[in-house]
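Trainee: Before I ask anything, let me first share the structure, which is written out below as structure tokens.
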Amino acid sequence: MDFGLSQDQQMLRDAVARCLRDTCPLDHVRKCVEQENPASDRVLEALNVLGVGGMLVPEEHGGLGMTLLDATVVAEQLGFAVAPVPFLASQVLAPIALREAGSKEQKARWLPKIARGEVRVGVAISETLETRDGSGVSSAAGELTGTALFCLDFKGADAYIVADAKGRLHLVDAEASGLTTISLTTIDRTRSVGELRFDGAEAEPLADDGGVATSRLRDAGRVILAADSLGAGETMIQKAVAYAGQREQFGRLIGSFQAVKHMCAEMAARHEPCRSLVWFAAHAFDAMPNEASLVACQAKSHTAEVHRFVARTSTEVHGGMGFTDLLGLHYWFKRIGFDRQVLGGPETVRAEAAVLQGWTKAA
Amino acid sequence: MDLDYGPEYDIFRQEVRAFIKEHRHLAPPPGDRAARPSAEAIEWQKLLIAHGYTARTIPCEYGGYGAEPDILKSRIVAEEFSRARMPGGLANQGISMLVPTLLELGSEEQKRRWIEPTLKGDVVWCQGYSEPGAGSDLANLKTSARVENGEFVINGQKIWTSTAKQADMIFCLVRTEPDAPKHGGISYLIFSMDTPGIEVRPLKTMTGHAEFNETFFTDVRVPVDQIVGQRGQGWLVANATLGHERGMLGDPDALENRMQALIALMQDERTGEGRAIDNPVLRDRLVALQAEVAAMKYNGMRVLSDSLKGEPGGMAKLIVKLQSCELAHQISALAIDAMGEMGILYHHSPRERDGGAWQWNYMFQLGLIIGGGTAQIQKNIIAERGLDMPREPKPARIAAAGQQITAPAHQAQGAN
């Protein structure tokens, strides 16, 4: 019995943390978000040296064949550093989609390139959760029609994996005719999201598995977003504690006032159990398929609630400075805001958890 | 991540299950909260000790089972009894707090005299710590014990002494060295509740029951050798037991059981519109709480793993009391809300649900948030020990700083 990270996972965590400390200070993040594509080549290259590129690609296709729990270790550190690198779609969801629903030929064609960092694949599955503004994608005769909103790791993608209305996944080349792409600007400028408009765009379907692979992508995506939020929240708590330990008012460090101390304690008390929940959710994805969807919902919704509280409370502990751009605290605040909404906000995800337990029927 | 306990433990788990199946009929009824255990409960306790399912690591010579400490085996016993809805061993303050303290700091004679009858339910204890003026600031306690003719003579008042009416004995903090600094003047005494001069008055709480008492001491005479540790060391001795109390209040299985009961209630409780769980707002709250209970369960597994590796629990452990008590209270709150108007029924009313247990819990659990280190004290601990935040300046220093403002500069320097 050992509930927690293995020694290898702890080493991975420490190596990624060190790498991001060196290559991705806040000044670098500030520069990246001013670019047309925020993705930092410098950070990506450094991470790839550690094997983060293709970590979920099976070994026979040139990857490391690692687990989702390994990926949450990385995601937490990326959130901690608000690192502007494509990860969720290109390093986690795309490899899982191909691994679980790709044909032999599709795997052989795409996975080694993903592992070598030669291609980046965006993923658009939001419409399987809910459609807005008339979005939704239908497929017929190898062509897609309609709109997919919120494609993740959008900019610089060479191809997209898109879910249709029946939950089947399709691969679309970024240059396909009949595809128009529109960049969306979000609160969190460290990550890129866009809209895909299909007008009879040529697409290559993955397996017709009744939506199983898509639901696996939802589970994995939720766990990774929860892990990202966990890392961002950790930074916000550390920064609040550090600030309260140096800022003086009324001749005292503000951290010695119980009003401030208790804000920090409440953040820590609610934040800490999220770590175990995220670890367990990732482990369930890897090893306990029957429980995976429910725990992914729990991890996603609960970390979202806790970290909304952490984001605002940490900002308040910083007082007026927390509200300015000078400290850059808002980068973490916005990262947490992004993690909360994407792939289902807490209410949406909890409704799904109720359905999974047979407490109600799907809407 | 390895959630398997391993083959040795799987065998052990099978043994526990077989025991439960075979002896189920001997168990006292669940929810038997009587302070003075029934004959049935005492027999059950003895049977559990004989099999090592309670008092597992307490040495045989003191009436325990004498096994090597094995956290996983203790955990398996707790899991299986909880799963089977079977009462485990007695869990009163004598067993949970006094016995560990005596094992750690008692004299050989005290261990031999008190541990076995306490474990076997023959001697019931109460705890005399808090006073009207010494709650969170426990070390401020004023109950005095002066020495006269080889005896302590005790005068003062304790509060929150649960089971004082039924108890045979009390473990009690008193001030024996009035001139010593606050923490250094306290001693830890053990004496009979039959000693002349003790008066116990029930303390009725908001639940309508008297779960606690006030205990008054007037010239209570106790031989000077009925002390645990040395004179003036009572604060250290007490802190050993407070740690045990905090462990007692944060049982992750208890939360899960309450959660299961809440889910069952929300599936049973109906209005003309359908079940409580069919109400989307109530259902959303249920799922949110369920996720939080799950987080605490896995947090508990992490703490367990850390202790198996001999690592300190750190933040994951520090937060358990605060979070578990709060969560338990919220579970009861949702149950009452799910009952709608039925949620106000209490005091054995017609149509009352579950014997009023949800209402009692809702109120009593607020008491647990306050007791055993208030939520605010817990937050101080989390902030100061867990996050290493600056301590509250002591009143003495604030007073000194105030003096600096008014006093001439050379005097203020002299005061430092």
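Each chain in the structure tokens gets a letter, A, B, ..., in the order shown, and its residues are numbered from 1; ligands are numbered from 1 in order too.
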Which residues are close to Glu352 of chain A, i.e. within 8 Å by only C-alpha atoms, leaving aside same-chain residues fewer than 4 positions away? Reply as an NGL selection string.

Mentor: :A and (297 or 348 or 356 or 362)

Trainee: Once you count only C-alpha atoms, what closest atom pair and distance in Å to one decimal does each residue of chain A within 6 Å of chain B have, with rows by chain and rising residue number, as a Markdown table?

Mentor:
```
| residue | atom | partner | partner_atom | distance |
| --- | --- | --- | --- | --- |
| A:Met1 | CA | B:Tyr5 | CA | 4.8 |
| A:Asp2 | CA | B:Asp2 | CA | 4.9 |
| A:Phe3 | CA | B:Met1 | CA | 5.2 |
| A:Gly4 | CA | B:Met1 | CA | 5.3 |
| A:Leu5 | CA | B:Met1 | CA | 6.0 |
| A:Gly255 | CA | B:Pro390 | CA | 5.8 |
| A:Ser256 | CA | B:Pro390 | CA | 4.9 |
| A:Lys261 | CA | B:Ala383 | CA | 5.9 |
| A:His262 | CA | B:Lys379 | CA | 5.6 |
| A:Ala265 | CA | B:Ala383 | CA | 5.1 |
| A:Ala269 | CA | B:Ile319 | CA | 5.3 |
| A:Pro273 | CA | B:Asn299 | CA | 5.2 |
| A:Cys274 | CA | B:Ala295 | CA | 6.0 |
| A:Ser276 | CA | B:Asn299 | CA | 5.3 |
| A:Leu277 | CA | B:Ala295 | CA | 4.8 |
| A:Gln298 | CA | B:Ala291 | CA | 4.9 |
```

Trainee: Restrict the selected residues to C-alpha atoms and save them as a tab-separated table (two decimals), in the first residue's frame.

Mentor:
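Output file again_32.tsv follows:
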```tsv
chain	number	residue	atom	x	y	z
A	1	MET	CA	0.00	0.00	0.00
A	2	ASP	CA	1.40	3.34	-1.00
A	3	PHE	CA	-1.05	6.15	-1.68
A	4	GLY	CA	0.91	8.87	-3.39
A	5	LEU	CA	3.59	9.46	-5.97
A	255	GLY	CA	0.43	37.67	8.57
A	256	SER	CA	0.38	37.94	12.37
A	261	LYS	CA	-3.77	34.08	8.99
A	262	HIS	CA	-7.16	32.41	8.91
A	265	ALA	CA	-5.30	28.53	6.74
A	269	ALA	CA	-7.21	23.37	4.48
A	273	PRO	CA	-7.25	17.28	0.12
A	274	CYS	CA	-7.65	18.21	-3.57
A	276	SER	CA	-5.16	13.34	-3.01
A	277	LEU	CA	-8.41	13.54	-4.96
A	298	GLN	CA	-15.44	14.84	-8.49
```

Trainee: Show which residues sit within 8 Å of Arg13 of chain B, as a PyMOL selection string. Count only C-alpha atoms, and ignore same-chain residues fewer than 4 positions away.

Mentor: chain B and resi 9+17+76-77+80

Trainee: Could you turn the residues from that selection into a file that holds C-alpha atoms, as a PDB file, in the first residue's frame?

Mentor:
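Output contents, as saved in part.pdb:
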```
ATOM      1  CA  TYR B   9      -3.111  -8.297   4.777  1.00  0.00           C
ATOM      2  CA  ARG B  17     -14.514 -10.916   8.192  1.00  0.00           C
ATOM      3  CA  ILE B  76      -8.307  -3.167   8.264  1.00  0.00           C
ATOM      4  CA  VAL B  77     -10.065  -3.892  11.567  1.00  0.00           C
ATOM      5  CA  GLU B  80     -14.262  -4.167   8.296  1.00  0.00           C
TER       6      GLU B  80
END
```

Trainee: Within 8 Å of Gln330 of chain B, counting only C-alpha atoms, which residues qualify if same-chain residues fewer than 4 places away don't, as a PyMOL selection string?

Mentor: chain B and resi 289+326+334+362

Trainee: May I have the residues from that selection written out with C-alpha atoms, as a JSON list (two decimals), in the first residue's frame?

Mentor:
```
[["chain", "number", "residue", "atom", "x", "y", "z"],
["B", 289, "LEU", "CA", -20.56, 17.14, -0.61],
["B", 326, "GLU", "CA", -17.09, 20.98, 9.16],
["B", 334, "LEU", "CA", -28.26, 18.94, 3.93],
["B", 362, "TYR", "CA", -26.59, 18.93, 13.27]]
```

Trainee: Run DSSP on the backbone and give me the residues of segment 23-249 of chain B it puts in strand (DSSP E), as a PyMOL selection string.

Mentor: chain B and resi 125-128+144-148+151-159+169-175+186-192+198-203+212-223+227-228

Trainee: For the residues selected in the previous step, produce a file with N, CA and C atoms as a short mmCIF file (atom, residue, chain, number, x, y, z; two decimals), in the first residue's frame.

Mentor:
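After the write, result18.cif holds the following:
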```cif
data_model
loop_
_atom_site.label_atom_id
_atom_site.label_comp_id
_atom_site.auth_asym_id
_atom_site.auth_seq_id
_atom_site.Cartn_x
_atom_site.Cartn_y
_atom_site.Cartn_z
N TRP B 125 -13.76 6.61 33.01
CA TRP B 125 -13.07 7.86 33.36
C TRP B 125 -13.79 9.06 32.78
N CYS B 126 -13.56 10.20 33.40
CA CYS B 126 -13.92 11.45 32.75
C CYS B 126 -12.69 12.37 32.75
N GLN B 127 -12.78 13.42 31.95
CA GLN B 127 -11.63 14.29 31.75
C GLN B 127 -11.90 15.65 32.37
N GLY B 128 -11.02 16.09 33.24
CA GLY B 128 -11.17 17.41 33.85
C GLY B 128 -10.11 18.37 33.33
N SER B 144 -7.18 24.84 41.86
CA SER B 144 -5.92 24.81 42.59
C SER B 144 -5.79 23.52 43.38
N ALA B 145 -4.58 23.13 43.62
CA ALA B 145 -4.32 21.97 44.49
C ALA B 145 -3.13 22.34 45.37
N ARG B 146 -3.41 22.64 46.65
CA ARG B 146 -2.30 22.93 47.58
C ARG B 146 -1.98 21.64 48.33
N VAL B 147 -0.75 21.52 48.78
CA VAL B 147 -0.35 20.29 49.48
C VAL B 147 -0.49 20.50 50.98
N GLU B 148 -1.14 19.52 51.62
CA GLU B 148 -1.39 19.60 53.06
C GLU B 148 -1.34 18.19 53.59
N GLU B 151 -1.28 15.34 51.12
CA GLU B 151 -2.42 15.26 50.22
C GLU B 151 -2.52 16.55 49.40
N PHE B 152 -3.03 16.41 48.16
CA PHE B 152 -3.44 17.61 47.43
C PHE B 152 -4.83 17.97 47.91
N VAL B 153 -5.05 19.27 48.10
CA VAL B 153 -6.40 19.73 48.46
C VAL B 153 -6.89 20.58 47.30
N ILE B 154 -7.91 20.06 46.62
CA ILE B 154 -8.32 20.65 45.33
C ILE B 154 -9.57 21.50 45.49
N ASN B 155 -9.51 22.70 44.89
CA ASN B 155 -10.66 23.60 44.88
C ASN B 155 -10.79 24.23 43.50
N GLY B 156 -12.01 24.26 42.99
CA GLY B 156 -12.20 24.90 41.69
C GLY B 156 -13.34 24.25 40.92
N GLN B 157 -13.37 24.53 39.63
CA GLN B 157 -14.48 24.04 38.81
C GLN B 157 -13.99 23.64 37.43
N LYS B 158 -14.50 22.51 36.96
CA LYS B 158 -14.27 22.06 35.58
C LYS B 158 -15.57 22.10 34.80
N ILE B 159 -15.45 22.19 33.49
CA ILE B 159 -16.65 22.19 32.65
C ILE B 159 -16.40 21.26 31.46
N MET B 169 -13.58 7.49 37.86
CA MET B 169 -12.31 8.19 38.07
C MET B 169 -12.26 9.42 37.16
N ILE B 170 -11.37 10.32 37.52
CA ILE B 170 -11.17 11.50 36.67
C ILE B 170 -9.66 11.70 36.46
N PHE B 171 -9.26 12.07 35.26
CA PHE B 171 -7.90 12.59 35.06
C PHE B 171 -8.05 14.09 34.88
N CYS B 172 -7.27 14.83 35.65
CA CYS B 172 -7.63 16.22 35.91
C CYS B 172 -6.38 17.11 35.94
N LEU B 173 -6.50 18.27 35.33
CA LEU B 173 -5.40 19.24 35.37
C LEU B 173 -5.67 20.26 36.47
N VAL B 174 -4.70 20.45 37.35
CA VAL B 174 -4.85 21.41 38.44
C VAL B 174 -3.58 22.24 38.57
N ARG B 175 -3.73 23.41 39.17
CA ARG B 175 -2.56 24.27 39.37
C ARG B 175 -1.95 23.96 40.73
N ILE B 186 1.26 23.50 36.34
CA ILE B 186 0.11 22.59 36.25
C ILE B 186 0.55 21.15 36.53
N SER B 187 -0.32 20.38 37.20
CA SER B 187 -0.05 18.96 37.40
C SER B 187 -1.24 18.14 36.93
N TYR B 188 -0.95 16.88 36.61
CA TYR B 188 -1.96 15.96 36.05
C TYR B 188 -2.28 14.93 37.12
N LEU B 189 -3.46 15.03 37.71
CA LEU B 189 -3.82 14.13 38.81
C LEU B 189 -4.87 13.14 38.36
N ILE B 190 -4.87 11.96 39.01
CA ILE B 190 -5.95 11.00 38.78
C ILE B 190 -6.56 10.64 40.13
N PHE B 191 -7.86 10.74 40.20
CA PHE B 191 -8.50 10.41 41.49
C PHE B 191 -9.94 9.95 41.29
N SER B 192 -10.48 9.39 42.39
CA SER B 192 -11.81 8.78 42.33
C SER B 192 -12.88 9.86 42.34
N ILE B 198 -16.73 16.43 45.76
CA ILE B 198 -16.97 16.57 44.31
C ILE B 198 -18.48 16.65 44.07
N GLU B 199 -18.87 17.65 43.31
CA GLU B 199 -20.28 17.75 42.95
C GLU B 199 -20.39 17.86 41.43
N VAL B 200 -21.24 17.03 40.84
CA VAL B 200 -21.42 17.02 39.38
C VAL B 200 -22.80 17.55 39.05
N ARG B 201 -22.85 18.59 38.21
CA ARG B 201 -24.15 19.11 37.76
C ARG B 201 -24.25 18.95 36.25
N PRO B 202 -25.33 18.32 35.78
CA PRO B 202 -25.48 18.12 34.33
C PRO B 202 -25.50 19.47 33.60
N LEU B 203 -24.91 19.50 32.44
CA LEU B 203 -24.88 20.72 31.62
C LEU B 203 -25.71 20.45 30.38
N PHE B 212 -22.85 16.81 28.66
CA PHE B 212 -21.70 17.24 29.45
C PHE B 212 -22.15 17.58 30.86
N ASN B 213 -21.16 17.89 31.69
CA ASN B 213 -21.45 18.30 33.06
C ASN B 213 -20.52 19.44 33.46
N GLU B 214 -20.89 20.05 34.57
CA GLU B 214 -19.95 20.91 35.28
C GLU B 214 -19.57 20.15 36.54
N THR B 215 -18.31 20.21 36.91
CA THR B 215 -17.85 19.46 38.07
C THR B 215 -17.17 20.43 39.03
N PHE B 216 -17.63 20.43 40.26
CA PHE B 216 -17.14 21.38 41.27
C PHE B 216 -16.31 20.63 42.32
N PHE B 217 -15.21 21.22 42.71
CA PHE B 217 -14.33 20.62 43.74
C PHE B 217 -14.26 21.55 44.94
N THR B 218 -14.61 21.04 46.12
CA THR B 218 -14.47 21.81 47.35
C THR B 218 -13.64 21.00 48.34
N ASP B 219 -12.41 21.44 48.58
CA ASP B 219 -11.50 20.74 49.50
C ASP B 219 -11.46 19.24 49.24
N VAL B 220 -11.29 18.88 48.00
CA VAL B 220 -11.19 17.46 47.62
C VAL B 220 -9.77 16.98 47.92
N ARG B 221 -9.65 15.94 48.77
CA ARG B 221 -8.33 15.50 49.23
C ARG B 221 -7.87 14.26 48.47
N VAL B 222 -6.68 14.38 47.83
CA VAL B 222 -6.14 13.33 46.98
C VAL B 222 -4.70 13.06 47.38
N PRO B 223 -4.33 11.80 47.65
CA PRO B 223 -2.94 11.49 48.03
C PRO B 223 -1.95 12.01 46.98
N ILE B 227 -0.44 11.23 40.93
CA ILE B 227 -0.06 12.22 39.92
C ILE B 227 0.63 11.48 38.79
N VAL B 228 0.38 11.90 37.56
CA VAL B 228 1.08 11.32 36.41
C VAL B 228 2.16 12.32 36.00
#
```

Trainee: For Leu48 of chain B, work out the shell of residues within 12 Å, counting only C-alpha atoms and skipping chain neighbours fewer than 2 positions away, then give it as a ChimeraX atom specification.

Mentor: /B:16,19-20,23-24,26-27,41-46,50-56,63-65,77,81,86-90,119-120

Trainee: Could you save the residues just selected, with N, CA and C atoms, as an mmCIF file, in the first residue's frame?

Mentor:
```cif
data_model
loop_
_atom_site.group_PDB
_atom_site.id
_atom_site.type_symbol
_atom_site.label_atom_id
_atom_site.label_comp_id
_atom_site.auth_asym_id
_atom_site.auth_seq_id
_atom_site.Cartn_x
_atom_site.Cartn_y
_atom_site.Cartn_z
ATOM 1 N N VAL B 16 -10.676 -11.259 9.811
ATOM 2 C CA VAL B 16 -11.561 -10.308 10.493
ATOM 3 C C VAL B 16 -13.004 -10.526 10.032
ATOM 4 N N PHE B 19 -14.431 -13.592 11.578
ATOM 5 C CA PHE B 19 -14.759 -13.342 12.992
ATOM 6 C C PHE B 19 -16.106 -12.632 13.112
ATOM 7 N N ILE B 20 -16.262 -11.586 12.282
ATOM 8 C CA ILE B 20 -17.493 -10.797 12.357
ATOM 9 C C ILE B 20 -18.705 -11.664 12.048
ATOM 10 N N HIS B 23 -19.373 -14.071 15.003
ATOM 11 C CA HIS B 23 -19.703 -13.544 16.327
ATOM 12 C C HIS B 23 -20.726 -12.421 16.322
ATOM 13 N N ARG B 24 -21.266 -12.177 15.148
ATOM 14 C CA ARG B 24 -22.190 -11.076 14.970
ATOM 15 C C ARG B 24 -23.268 -11.020 16.056
ATOM 16 N N LEU B 26 -23.278 -11.763 19.045
ATOM 17 C CA LEU B 26 -22.859 -11.385 20.389
ATOM 18 C C LEU B 26 -22.682 -9.868 20.550
ATOM 19 N N ALA B 27 -22.706 -9.164 19.421
ATOM 20 C CA ALA B 27 -22.408 -7.730 19.475
ATOM 21 C C ALA B 27 -23.536 -6.959 20.132
ATOM 22 N N ALA B 41 -21.855 -5.217 26.393
ATOM 23 C CA ALA B 41 -20.764 -4.457 25.765
ATOM 24 C C ALA B 41 -19.418 -4.836 26.375
ATOM 25 N N ILE B 42 -19.397 -5.117 27.664
ATOM 26 C CA ILE B 42 -18.143 -5.503 28.321
ATOM 27 C C ILE B 42 -17.676 -6.875 27.821
ATOM 28 N N GLU B 43 -18.623 -7.800 27.676
ATOM 29 C CA GLU B 43 -18.267 -9.130 27.148
ATOM 30 C C GLU B 43 -17.729 -9.007 25.722
ATOM 31 N N TRP B 44 -18.378 -8.181 24.933
ATOM 32 C CA TRP B 44 -17.965 -7.938 23.537
ATOM 33 C C TRP B 44 -16.540 -7.358 23.512
ATOM 34 N N GLN B 45 -16.295 -6.404 24.410
ATOM 35 C CA GLN B 45 -14.979 -5.777 24.490
ATOM 36 C C GLN B 45 -13.919 -6.831 24.799
ATOM 37 N N LYS B 46 -14.212 -7.713 25.750
ATOM 38 C CA LYS B 46 -13.229 -8.735 26.134
ATOM 39 C C LYS B 46 -12.953 -9.676 24.971
ATOM 40 N N ALA B 50 -9.368 -10.220 23.088
ATOM 41 C CA ALA B 50 -8.790 -11.565 22.973
ATOM 42 C C ALA B 50 -8.375 -11.870 21.533
ATOM 43 N N HIS B 51 -9.085 -11.276 20.565
ATOM 44 C CA HIS B 51 -8.738 -11.520 19.153
ATOM 45 C C HIS B 51 -7.845 -10.425 18.573
ATOM 46 N N GLY B 52 -7.547 -9.423 19.374
ATOM 47 C CA GLY B 52 -6.676 -8.354 18.886
ATOM 48 C C GLY B 52 -7.385 -7.354 18.001
ATOM 49 N N TYR B 53 -8.715 -7.248 18.139
ATOM 50 C CA TYR B 53 -9.442 -6.296 17.315
ATOM 51 C C TYR B 53 -9.697 -4.975 18.034
ATOM 52 N N THR B 54 -9.243 -4.905 19.270
ATOM 53 C CA THR B 54 -9.167 -3.618 19.947
ATOM 54 C C THR B 54 -8.030 -3.754 20.958
ATOM 55 N N ALA B 55 -7.543 -2.645 21.481
ATOM 56 C CA ALA B 55 -6.388 -2.668 22.394
ATOM 57 C C ALA B 55 -5.270 -3.522 21.796
ATOM 58 N N ARG B 56 -5.152 -3.472 20.495
ATOM 59 C CA ARG B 56 -4.315 -4.398 19.745
ATOM 60 C C ARG B 56 -2.835 -4.326 20.130
ATOM 61 N N GLY B 63 -3.159 -5.919 29.971
ATOM 62 C CA GLY B 63 -4.516 -6.299 29.584
ATOM 63 C C GLY B 63 -4.823 -6.135 28.104
ATOM 64 N N GLY B 64 -3.819 -5.782 27.315
ATOM 65 C CA GLY B 64 -4.050 -5.631 25.881
ATOM 66 C C GLY B 64 -3.766 -6.934 25.142
ATOM 67 N N TYR B 65 -3.686 -6.845 23.830
ATOM 68 C CA TYR B 65 -3.467 -8.022 22.990
ATOM 69 C C TYR B 65 -1.982 -8.244 22.731
ATOM 70 N N VAL B 77 -9.056 -3.609 10.541
ATOM 71 C CA VAL B 77 -10.065 -3.892 11.567
ATOM 72 C C VAL B 77 -11.128 -2.785 11.545
ATOM 73 N N PHE B 81 -15.111 -3.526 10.486
ATOM 74 C CA PHE B 81 -16.185 -3.331 11.463
ATOM 75 C C PHE B 81 -17.132 -2.238 10.969
ATOM 76 N N MET B 86 -20.779 -2.877 12.538
ATOM 77 C CA MET B 86 -20.627 -3.549 13.820
ATOM 78 C C MET B 86 -19.882 -2.628 14.767
ATOM 79 N N PRO B 87 -20.293 -2.611 16.029
ATOM 80 C CA PRO B 87 -19.546 -1.780 16.973
ATOM 81 C C PRO B 87 -18.146 -2.345 17.170
ATOM 82 N N GLY B 88 -17.159 -1.478 17.077
ATOM 83 C CA GLY B 88 -15.787 -1.904 17.369
ATOM 84 C C GLY B 88 -15.584 -1.876 18.871
ATOM 85 N N GLY B 89 -14.339 -1.769 19.296
ATOM 86 C CA GLY B 89 -14.059 -1.746 20.724
ATOM 87 C C GLY B 89 -14.598 -0.485 21.380
ATOM 88 N N LEU B 90 -14.653 -0.480 22.698
ATOM 89 C CA LEU B 90 -15.085 0.705 23.431
ATOM 90 C C LEU B 90 -14.176 1.878 23.060
ATOM 91 N N LEU B 119 -9.464 -0.741 30.011
ATOM 92 C CA LEU B 119 -9.686 -1.387 28.717
ATOM 93 C C LEU B 119 -10.916 -2.274 28.759
ATOM 94 N N LYS B 120 -11.104 -2.981 29.892
ATOM 95 C CA LYS B 120 -12.192 -3.963 29.953
ATOM 96 C C LYS B 120 -13.520 -3.347 30.349
#
```
